$ cat target.cif   # mmCIF, C-alpha atoms
data_query
loop_
_atom_site.group_PDB
_atom_site.id
_atom_site.type_symbol
_atom_site.label_atom_id
_atom_site.label_comp_id
_atom_site.auth_asym_id
_atom_site.auth_seq_id
_atom_site.Cartn_x
_atom_site.Cartn_y
_atom_site.Cartn_z
ATOM 1 C CA MET A 223 16.740 -62.667 169.017
ATOM 2 C CA SER A 224 15.023 -63.959 172.103
ATOM 3 C CA HIS A 225 11.387 -64.265 171.241
ATOM 4 C CA ALA A 226 10.723 -66.514 174.227
ATOM 5 C CA ASP A 227 12.307 -64.117 176.696
ATOM 6 C CA PRO A 228 12.367 -60.581 175.343
ATOM 7 C CA GLY A 229 14.074 -59.210 178.420
ATOM 8 C CA ALA A 230 12.942 -56.639 180.912
ATOM 9 C CA ASP A 231 14.072 -53.319 182.269
ATOM 10 C CA ALA A 232 14.761 -52.534 185.897
ATOM 11 C CA ALA A 233 11.028 -52.235 186.559
ATOM 12 C CA ASN A 234 10.430 -55.657 184.991
ATOM 13 C CA GLU A 235 8.490 -54.194 182.102
ATOM 14 C CA PRO A 236 9.225 -56.428 179.116
ATOM 15 C CA ARG A 237 11.042 -54.826 176.197
ATOM 16 C CA ASP A 238 8.348 -56.039 173.803
ATOM 17 C CA GLN A 239 5.544 -54.208 175.630
ATOM 18 C CA THR A 240 7.096 -51.043 177.001
ATOM 19 C CA LEU A 241 6.974 -47.648 175.335
ATOM 20 C CA LYS A 242 10.417 -46.887 176.773
ATOM 21 C CA PHE A 243 13.390 -47.017 174.448
ATOM 22 C CA LEU A 244 15.593 -49.688 176.005
ATOM 23 C CA PRO A 245 17.985 -50.718 173.228
ATOM 24 C CA LYS A 246 19.389 -54.191 173.797
ATOM 25 C CA PHE A 247 23.008 -54.526 172.794
ATOM 26 C CA ASP A 248 24.535 -57.973 172.301
ATOM 27 C CA SER A 249 27.667 -59.333 173.990
ATOM 28 C CA ALA A 250 29.770 -57.237 171.594
ATOM 29 C CA GLY A 251 27.792 -54.100 172.482
ATOM 30 C CA LEU A 252 25.986 -54.002 169.136
ATOM 31 C CA LEU A 253 22.505 -54.063 167.689
ATOM 32 C CA THR A 254 21.467 -54.489 164.075
ATOM 33 C CA ALA A 255 20.427 -51.522 161.941
ATOM 34 C CA VAL A 256 18.539 -52.038 158.681
ATOM 35 C CA VAL A 257 18.447 -48.952 156.487
ATOM 36 C CA THR A 258 15.480 -48.620 154.155
ATOM 37 C CA HIS A 259 14.695 -45.959 151.584
ATOM 38 C CA ALA A 260 12.140 -43.651 153.197
ATOM 39 C CA GLN A 261 10.047 -43.457 150.020
ATOM 40 C CA SER A 262 10.363 -46.815 148.286
ATOM 41 C CA GLY A 263 10.911 -48.949 151.395
ATOM 42 C CA GLU A 264 13.768 -50.775 149.629
ATOM 43 C CA VAL A 265 16.369 -52.253 151.971
ATOM 44 C CA LEU A 266 19.549 -50.283 151.240
ATOM 45 C CA MET A 267 22.060 -51.728 153.701
ATOM 46 C CA VAL A 268 22.508 -53.580 156.973
ATOM 47 C CA ALA A 269 25.099 -52.579 159.548
ATOM 48 C CA PHE A 270 25.666 -52.492 163.293
ATOM 49 C CA MET A 271 25.352 -49.747 165.880
ATOM 50 C CA ASN A 272 26.828 -49.536 169.347
ATOM 51 C CA ARG A 273 25.369 -47.137 171.903
ATOM 52 C CA GLU A 274 27.565 -44.295 170.623
ATOM 53 C CA ALA A 275 26.359 -44.827 167.042
ATOM 54 C CA VAL A 276 22.720 -44.868 168.143
ATOM 55 C CA GLU A 277 23.225 -41.617 170.038
ATOM 56 C CA ALA A 278 25.154 -39.932 167.193
ATOM 57 C CA THR A 279 22.433 -40.945 164.745
ATOM 58 C CA ARG A 280 19.686 -39.534 166.958
ATOM 59 C CA GLU A 281 21.580 -36.309 167.693
ATOM 60 C CA THR A 282 22.653 -35.498 164.131
ATOM 61 C CA GLY A 283 19.880 -37.038 162.050
ATOM 62 C CA ILE A 284 22.601 -38.678 159.929
ATOM 63 C CA ALA A 285 23.125 -42.443 160.153
ATOM 64 C CA HIS A 286 26.207 -43.545 162.097
ATOM 65 C CA PHE A 287 27.367 -47.121 162.532
ATOM 66 C CA TRP A 288 30.020 -49.141 164.288
ATOM 67 C CA SER A 289 32.524 -50.664 161.911
ATOM 68 C CA ARG A 290 33.375 -54.146 163.161
ATOM 69 C CA SER A 291 36.367 -54.403 160.812
ATOM 70 C CA ARG A 292 37.856 -51.031 161.739
ATOM 71 C CA GLN A 293 36.524 -51.047 165.311
ATOM 72 C CA SER A 294 35.498 -47.416 165.038
ATOM 73 C CA LEU A 295 32.484 -45.162 164.799
ATOM 74 C CA TRP A 296 31.566 -44.628 161.174
ATOM 75 C CA ARG A 297 29.482 -41.767 159.827
ATOM 76 C CA LYS A 298 28.082 -43.194 156.590
ATOM 77 C CA GLY A 299 29.059 -40.836 153.763
ATOM 78 C CA GLU A 300 31.942 -39.208 155.619
ATOM 79 C CA THR A 301 34.229 -39.925 152.657
ATOM 80 C CA SER A 302 31.791 -40.622 149.798
ATOM 81 C CA GLY A 303 29.320 -37.876 150.633
ATOM 82 C CA ASN A 304 26.547 -40.434 150.289
ATOM 83 C CA GLU A 305 25.071 -39.843 153.693
ATOM 84 C CA LEU A 306 21.748 -41.139 154.956
ATOM 85 C CA ARG A 307 19.366 -38.535 156.370
ATOM 86 C CA VAL A 308 17.166 -40.185 158.935
ATOM 87 C CA VAL A 309 13.413 -39.763 158.533
ATOM 88 C CA GLU A 310 12.202 -42.240 161.121
ATOM 89 C CA ILE A 311 13.538 -45.020 163.341
ATOM 90 C CA LEU A 312 11.485 -48.125 164.051
ATOM 91 C CA VAL A 313 12.316 -50.471 166.934
ATOM 92 C CA ASP A 314 11.628 -54.201 166.994
ATOM 93 C CA CYS A 315 9.904 -56.239 169.686
ATOM 94 C CA ASP A 316 12.967 -57.125 171.738
ATOM 95 C CA GLN A 317 14.710 -53.827 170.919
ATOM 96 C CA ASP A 318 17.830 -55.427 169.458
ATOM 97 C CA ALA A 319 17.215 -54.247 165.909
ATOM 98 C CA LEU A 320 16.304 -50.909 164.324
ATOM 99 C CA VAL A 321 14.861 -50.009 160.951
ATOM 100 C CA VAL A 322 16.272 -46.641 159.918
ATOM 101 C CA ARG A 323 14.064 -45.074 157.258
ATOM 102 C CA ALA A 324 16.314 -42.637 155.434
ATOM 103 C CA GLU A 325 16.759 -40.346 152.463
ATOM 104 C CA PRO A 326 20.007 -41.376 150.764
ATOM 105 C CA ALA A 327 22.126 -38.561 149.293
ATOM 106 C CA GLY A 328 23.432 -40.953 146.619
ATOM 107 C CA PRO A 329 24.107 -44.638 146.023
ATOM 108 C CA THR A 330 24.253 -46.390 149.372
ATOM 109 C CA CYS A 331 26.618 -49.204 148.379
ATOM 110 C CA HIS A 332 30.368 -48.632 148.112
ATOM 111 C CA THR A 333 30.149 -50.417 144.732
ATOM 112 C CA GLY A 334 27.998 -47.595 143.372
ATOM 113 C CA ALA A 335 24.817 -49.653 143.464
ATOM 114 C CA ARG A 336 21.686 -47.980 144.830
ATOM 115 C CA SER A 337 21.362 -50.753 147.411
ATOM 116 C CA CYS A 338 23.948 -53.145 148.829
ATOM 117 C CA PHE A 339 21.458 -55.911 147.970
ATOM 118 C CA PHE A 340 22.084 -55.845 144.216
ATOM 119 C CA ARG A 341 22.305 -59.624 143.709
ATOM 120 C CA ARG A 342 19.673 -62.353 143.955
ATOM 121 C CA LEU A 343 20.473 -65.928 144.930
ATOM 122 C CA GLU A 344 19.502 -68.410 142.229
ATOM 123 C CA GLY A 345 20.558 -71.973 142.919
ATOM 124 C CA ASP A 346 24.236 -71.708 143.787
ATOM 125 C CA THR A 347 24.919 -68.490 141.917
ATOM 126 C CA LEU A 348 24.090 -64.831 142.184
ATOM 127 C CA VAL A 349 22.297 -62.787 139.549
ATOM 128 C CA ARG A 350 22.472 -59.013 139.439
ATOM 129 C CA VAL A 351 19.155 -57.274 139.952
ATOM 130 C CA ASN A 352 18.228 -53.759 138.927
ATOM 131 C CA SER A 353 19.787 -51.588 141.614
ATOM 132 C CA MET B 1260 30.552 -54.863 157.644
ATOM 133 C CA SER B 1261 33.837 -54.350 155.911
ATOM 134 C CA HIS B 1262 33.196 -51.900 153.119
ATOM 135 C CA ALA B 1263 36.885 -51.148 152.716
ATOM 136 C CA ASP B 1264 37.846 -54.809 152.471
ATOM 137 C CA PRO B 1265 34.919 -56.930 151.390
ATOM 138 C CA GLY B 1266 36.939 -60.129 151.507
ATOM 139 C CA ALA B 1267 37.813 -62.583 148.814
ATOM 140 C CA ASP B 1268 37.355 -66.242 148.032
ATOM 141 C CA ALA B 1269 40.133 -68.732 147.408
ATOM 142 C CA ALA B 1270 40.564 -67.388 143.864
ATOM 143 C CA ASN B 1271 40.902 -63.833 145.196
ATOM 144 C CA GLU B 1272 37.665 -62.763 143.607
ATOM 145 C CA PRO B 1273 36.179 -60.145 145.923
ATOM 146 C CA ARG B 1274 32.860 -61.006 147.529
ATOM 147 C CA ASP B 1275 31.360 -57.740 146.310
ATOM 148 C CA GLN B 1276 32.029 -58.515 142.641
ATOM 149 C CA THR B 1277 31.653 -62.264 142.279
ATOM 150 C CA LEU B 1278 28.532 -64.059 141.136
ATOM 151 C CA LYS B 1279 29.429 -66.949 143.437
ATOM 152 C CA PHE B 1280 27.467 -67.327 146.653
ATOM 153 C CA LEU B 1281 30.135 -67.068 149.345
ATOM 154 C CA PRO B 1282 28.242 -66.291 152.542
ATOM 155 C CA LYS B 1283 30.443 -64.615 155.118
ATOM 156 C CA PHE B 1284 29.743 -65.722 158.657
ATOM 157 C CA ASP B 1285 31.027 -63.676 161.580
ATOM 158 C CA SER B 1286 33.162 -64.909 164.466
ATOM 159 C CA ALA B 1287 30.043 -66.499 165.988
ATOM 160 C CA GLY B 1288 29.265 -68.261 162.700
ATOM 161 C CA LEU B 1289 26.312 -66.016 161.911
ATOM 162 C CA LEU B 1290 25.072 -63.624 159.265
ATOM 163 C CA THR B 1291 22.146 -61.245 159.449
ATOM 164 C CA ALA B 1292 18.823 -62.046 157.798
ATOM 165 C CA VAL B 1293 16.242 -59.325 157.178
ATOM 166 C CA VAL B 1294 12.810 -60.661 156.320
ATOM 167 C CA THR B 1295 10.618 -58.445 154.160
ATOM 168 C CA HIS B 1296 7.070 -58.957 152.955
ATOM 169 C CA ALA B 1297 7.332 -60.130 149.352
ATOM 170 C CA GLN B 1298 4.470 -57.870 148.229
ATOM 171 C CA SER B 1299 4.643 -54.740 150.374
ATOM 172 C CA GLY B 1300 8.386 -54.732 151.014
ATOM 173 C CA GLU B 1301 7.766 -54.017 154.703
ATOM 174 C CA VAL B 1302 10.521 -55.204 157.027
ATOM 175 C CA LEU B 1303 8.918 -57.939 159.120
ATOM 176 C CA MET B 1304 11.772 -59.154 161.311
ATOM 177 C CA VAL B 1305 15.534 -59.381 161.692
ATOM 178 C CA ALA B 1306 17.289 -62.528 162.878
ATOM 179 C CA PHE B 1307 20.485 -64.498 162.428
ATOM 180 C CA MET B 1308 21.362 -67.530 160.341
ATOM 181 C CA ASN B 1309 24.272 -69.893 160.675
ATOM 182 C CA ARG B 1310 25.311 -72.101 157.757
ATOM 183 C CA GLU B 1311 22.797 -74.764 158.752
ATOM 184 C CA ALA B 1312 19.939 -72.224 158.810
ATOM 185 C CA VAL B 1313 20.916 -70.870 155.389
ATOM 186 C CA GLU B 1314 20.954 -74.394 153.976
ATOM 187 C CA ALA B 1315 17.663 -75.391 155.623
ATOM 188 C CA THR B 1316 16.020 -72.239 154.290
ATOM 189 C CA ARG B 1317 17.245 -72.893 150.762
ATOM 190 C CA GLU B 1318 16.288 -76.578 150.850
ATOM 191 C CA THR B 1319 12.795 -76.191 152.299
ATOM 192 C CA GLY B 1320 11.763 -72.747 151.066
ATOM 193 C CA ILE B 1321 10.709 -71.954 154.647
ATOM 194 C CA ALA B 1322 12.785 -69.460 156.660
ATOM 195 C CA HIS B 1323 15.013 -71.008 159.335
ATOM 196 C CA PHE B 1324 17.162 -69.048 161.787
ATOM 197 C CA TRP B 1325 19.691 -69.608 164.525
ATOM 198 C CA SER B 1326 18.390 -68.661 167.934
ATOM 199 C CA ARG B 1327 21.198 -66.997 169.856
ATOM 200 C CA SER B 1328 19.302 -67.260 173.141
ATOM 201 C CA ARG B 1329 18.423 -70.936 172.753
ATOM 202 C CA GLN B 1330 21.532 -71.813 170.729
ATOM 203 C CA SER B 1331 19.499 -73.931 168.354
ATOM 204 C CA LEU B 1332 18.158 -74.033 164.832
ATOM 205 C CA TRP B 1333 14.739 -72.436 164.698
ATOM 206 C CA ARG B 1334 12.154 -72.979 161.989
ATOM 207 C CA LYS B 1335 10.056 -69.819 162.184
ATOM 208 C CA GLY B 1336 6.435 -70.851 162.708
ATOM 209 C CA GLU B 1337 7.245 -74.316 164.067
ATOM 210 C CA THR B 1338 5.042 -73.638 167.068
ATOM 211 C CA SER B 1339 2.882 -70.670 165.971
ATOM 212 C CA GLY B 1340 2.239 -71.890 162.427
ATOM 213 C CA ASN B 1341 3.220 -68.438 161.207
ATOM 214 C CA GLU B 1342 5.884 -69.621 158.825
ATOM 215 C CA LEU B 1343 7.600 -67.524 156.201
ATOM 216 C CA ARG B 1344 7.539 -68.926 152.674
ATOM 217 C CA VAL B 1345 10.598 -67.699 150.826
ATOM 218 C CA VAL B 1346 10.021 -65.986 147.488
ATOM 219 C CA GLU B 1347 13.509 -64.631 146.857
ATOM 220 C CA ILE B 1348 16.814 -64.148 148.667
ATOM 221 C CA LEU B 1349 18.976 -61.076 148.045
ATOM 222 C CA VAL B 1350 22.634 -60.965 149.059
ATOM 223 C CA ASP B 1351 24.525 -57.833 150.049
ATOM 224 C CA CYS B 1352 27.889 -56.604 148.764
ATOM 225 C CA ASP B 1353 30.105 -58.334 151.292
ATOM 226 C CA GLN B 1354 27.761 -61.325 151.613
ATOM 227 C CA ASP B 1355 27.294 -61.040 155.359
ATOM 228 C CA ALA B 1356 23.623 -60.107 155.187
ATOM 229 C CA LEU B 1357 20.592 -61.499 153.366
ATOM 230 C CA VAL B 1358 17.210 -60.010 152.557
ATOM 231 C CA VAL B 1359 14.649 -62.800 152.585
ATOM 232 C CA ARG B 1360 11.564 -61.744 150.641
ATOM 233 C CA ALA B 1361 8.779 -63.924 152.003
ATOM 234 C CA GLU B 1362 5.059 -64.585 152.126
ATOM 235 C CA PRO B 1363 4.100 -64.702 155.809
ATOM 236 C CA ALA B 1364 1.432 -67.223 156.811
ATOM 237 C CA GLY B 1365 0.289 -64.920 159.634
ATOM 238 C CA PRO B 1366 1.609 -62.218 161.950
ATOM 239 C CA THR B 1367 5.387 -62.408 162.005
ATOM 240 C CA CYS B 1368 5.917 -61.032 165.507
ATOM 241 C CA HIS B 1369 5.397 -63.190 168.584
ATOM 242 C CA THR B 1370 3.343 -60.294 170.002
ATOM 243 C CA GLY B 1371 0.773 -60.767 167.249
ATOM 244 C CA ALA B 1372 1.866 -57.681 165.330
ATOM 245 C CA ARG B 1373 2.213 -57.981 161.570
ATOM 246 C CA SER B 1374 5.828 -56.852 161.829
ATOM 247 C CA CYS B 1375 8.250 -56.933 164.758
ATOM 248 C CA PHE B 1376 8.863 -53.227 164.010
ATOM 249 C CA PHE B 1377 5.578 -51.992 165.447
ATOM 250 C CA ARG B 1378 6.991 -49.027 167.380
ATOM 251 C CA ARG B 1379 8.559 -45.776 166.218
ATOM 252 C CA LEU B 1380 11.189 -43.884 168.201
ATOM 253 C CA GLU B 1381 10.059 -40.361 169.101
ATOM 254 C CA GLY B 1382 12.430 -38.502 171.387
ATOM 255 C CA ASP B 1383 13.046 -40.910 174.247
ATOM 256 C CA THR B 1384 9.847 -42.847 173.917
ATOM 257 C CA LEU B 1385 8.242 -45.318 171.552
ATOM 258 C CA VAL B 1386 4.952 -44.832 169.764
ATOM 259 C CA ARG B 1387 2.994 -47.737 168.322
ATOM 260 C CA VAL B 1388 2.569 -47.628 164.572
ATOM 261 C CA ASN B 1389 -0.076 -49.384 162.536
ATOM 262 C CA SER B 1390 1.183 -52.957 162.295
#

$ encode --input "target.cif" --output "structure tokens"
Amino acid sequence: MSHADPGADAANEPRDQTLKFLPKFDSAGLLTAVVTHAQSGEVLMVAFMNREAVEATRETGIAHFWSRSRQSLWRKGETSGNELRVVEILVDCDQDALVVRAEPAGPTCHTGARSCFFRRLEGDTLVRVNS
Amino acid sequence: MSHADPGADAANEPRDQTLKFLPKFDSAGLLTAVVTHAQSGEVLMVAFMNREAVEATRETGIAHFWSRSRQSLWRKGETSGNELRVVEILVDCDQDALVVRAEPAGPTCHTGARSCFFRRLEGDTLVRVNS
């Protein structure tokens, strides 16, 4: 995040004011994608996208990510079937994060939970929440 | 994200099953923090936390982040007054992302928008949404 200096495009139009889509990838070529449930607004998962993943997501309407551990493009649901159909993409001020509002075909988390955020921090321990 | 190998603590208890808080910082020492409005659930901003920011947030109840551009700890609202009072922290499966449910003292975005996600992607352009 660079709230003090949100960056500018070639025409010096700041990323936080322009109506051009100028995604800002970090030094590893990634931006952050937050997937929310299109109806409930619940945060389902957080992952990363490189330029290829952003383009694949826009072209197919199905969320794609970049797997940092496998170093490969990852179409969410390609093995589980639990894909994420994109309803809308929101872009943040400095264009280094996206909110992907999606319709999940099933549980989003690999654990079978509806959301990856199925635990709440309480003191030094985690407590399962209804997910 | 490492959905295939969510990592384990010293006792080989996987991060996605344990009820221990074992935050997983990336190679830059950071994890992702998604701030949502405690009442509406709206995503307000996305930023990064290092261990110090996680601890400061837990100790004070006010969201702290690590500024990648300034390379310094950042107490959101320290200049604007628009701090984020933490209501609850959710932890994802592999413990490399947090959802911080918060009560914002004012607009979260430095642009004055309620949320940093005040534009929607439509084709190749952005459209302002009500925020």

$ atom_distance --input "target.cif" --atom1 "CA of Arg1317 in chain B" --atom2 "CA of Cys331 in chain A"
25.6 Å

$ interface_residues --input "target.cif" --of "chain B" --to "chain A" --cutoff "6 Å" --atoms "all atoms listed in the file" --output "PyMOL selection string"
chain B and resi 1261+1278-1280+1328+1348-1352+1375-1376+1378-1380+1384-1385

$ resolve_selection --input "target.cif" --expression "the PyMOL selection byres ((chain A and resi 324) around 8)" --output "ChimeraX atom specification"
/A:257-260,306-310,322-323,325-326

$ residues_around --input "target.cif" --residues "Gly328 in chain A" --least-positions-apart "5" --cutoff "9 Å" --atoms "all atoms listed in the file" --output "list in words"
Ser302, Gly303, Asn304, Glu305, Leu306, Gly334 and Arg336 of chain A

$ atom_distance --input "target.cif" --atom1 "CA of Ala1312 in chain B" --atom2 "CA of Arg273 in chain A"
28.8 Å

$ atom_distance --input "target.cif" --atom1 "CA of Met1308 in chain B" --atom2 "CA of Gly251 in chain A"
19.2 Å

$ closest_residue --input "target.cif" --among "A:Lys246, A:Ala327, A:Asn272, A:Leu253" --to "Gln293 in chain A" --atoms "only C-alpha atoms"
A:Asn272
